[in-house]
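K.L.:
The structure is given below, and queries will be raised subsequently.
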Amino acid sequence: GGSVGLRGPGERQLEVDRRLLRGRVTALRRQLEGLRLHRGLQRRNRERMELPVVALVGYTNAGKSTLLNRVTSAGVLAEDMLFATLDPTTRRMRTAGMGLAPAELPPEVLVTDTVGFIQKIPPNLVAAFRATLEELREADVLVHVCDASSESWRKQEMAVLRELEAMGLSDRPVVTVWNKVDRNPGTAAYLRHAAASSGAVAASALTGEGVPDVVAAIGAALRSRMVPVDVTLPYSEGALAARVHDLGALDAVEHLPHGVRLAGSVPLALRARLLPWLAAGREGGALGVPPLARSSHARRAAA
């Protein structure tokens, strides 16, 4: 009885192995599809929240999870080992108290940690690897974390950039972080100077050195993805005004008799919700009253 179900009539061991392998591949594909569906649901939930998304990318063991912990207090596993993070982790980063002006960064940002890149991924792992990186397509900004203490960190940096290009993500704003500058005190000063000259940020996610500069750079990159608005919302649109406060980077807030004036930058999707009042302001009519609402007021007055 122990061999029942393992080998059919005349089936050789090689054929058995192939059949078992095909079954294993089919099971893995089902698992990957389930993973994609689960992450798709998570992404739709995030889209409903309308919060900006920042994705941490980098070679494996570059310190992405440590940086996530530093900016969000997420408590994610952060070990000095390859593939310590095998599944994306998303946490909120609350920017209040980070020493930045309100206009520099939205009050809340979603930060996603991803699996680390490696060079020369085995062909049988490419699909699984890229499935874990689908989160990157939803990101507004990528934070490329490099292990500046590694002797081969420049090669690792290029390997990550090549993979991002292969995934069609070369158009996203990228904040480059030269991490682990605390590992070698003798080169720390040089790395800080070189990073500043090349547009990168030198930091240590472990000690916190340079992390405020990383957050400021994220804020600047997010602002590059936002659009300016200067709109007056009626007080009846309090929920929408609160959303502008939550998601926008505001330079001015002014309470007027007929509504609240909000000036600053907001995500493009949120600007679409403001269009009726932006159009009202451009037409020079009653501020805070959309054109359709004004026409209905006029019809009622004429009646």
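Residues in the structure tokens are numbered from 1 in each chain, the chains being A, B, ... in the order shown, and ligands are numbered from 1 in the order shown.
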Report as an MDAnalysis selection string: the residues of range 179-262 of chain A with a DSSP assignment of alpha helix (DSSP H), based on the backbone of this structure.
P.N.:
chainID A and resid 185:198 211:224 238:247
K.L.:
May I have the residues within 8 Å of Asp140 in chain A as a count of residues only, using only C-alpha atoms and disregarding those fewer than 3 positions away in the same chain?
P.N.:
8
K.L.:
Would you compute the distance between CA of Val143 in chain A and CA of Pro185 in chain A? Give it in Å to one decimal.
P.N.:
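About the pair CA of Val143 in chain A and CA of Pro185 in chain A: they are 24.0 Å apart.
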K.L.:
Using CA of Leu142 in chain A and CA of Gly219 in chain A as the two end points, give the distance in Å to one decimal.
P.N.:
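Those two atoms sit 11.8 Å apart.
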K.L.:
Which is closer to Glu157 in chain A than all the others in A:Ala217, A:Leu68, A:Ile118, A:Leu191, using only C-alpha atoms?
P.N.:
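Closest residue, counting only C-alpha atoms: A:Ile118.
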K.L.:
Please determine, counting only C-alpha atoms, which residue among A:Ala216, A:Ala242, A:Val115, A:Ala139 has the shortest atom-to-atom distance to Thr60 in chain A.
P.N.:
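For Thr60 in chain A, the nearest of the candidates is A:Val115.
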K.L.:
Calculated over only C-alpha atoms, which of the candidates A:Gly210, A:Val57, A:Glu165, A:Ala205 has the smallest distance to Glu135 in chain A?
P.N.:
A:Val57
K.L.:
For CA of Arg243 in chain A and CA of Arg91 in chain A, quote the distance in Å rounded to one decimal.
P.N.:
19.4 Å
K.L.:
Nearest residue to Gly264 in chain A out of A:Asp230, A:Met93, A:Arg12, A:Gly238, using only C-alpha atoms?
P.N.:
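With only C-alpha atoms as the atom set, the closest residue is A:Asp230.
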K.L.:
Run DSSP on the backbone and grab whatever in range 106-228 of chain A lands in strand (DSSP E); send it over as a PyMOL selection string.
P.N.:
chain A and resi 108-113+141-147+174-179+201-202+226-228
K.L.:
Considering only C-alpha atoms, can you say which of A:Phe117, A:Ser204, A:Ser65, A:Val266 comes closest to Glu163 in chain A?
P.N.:
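Closest candidate: A:Phe117.
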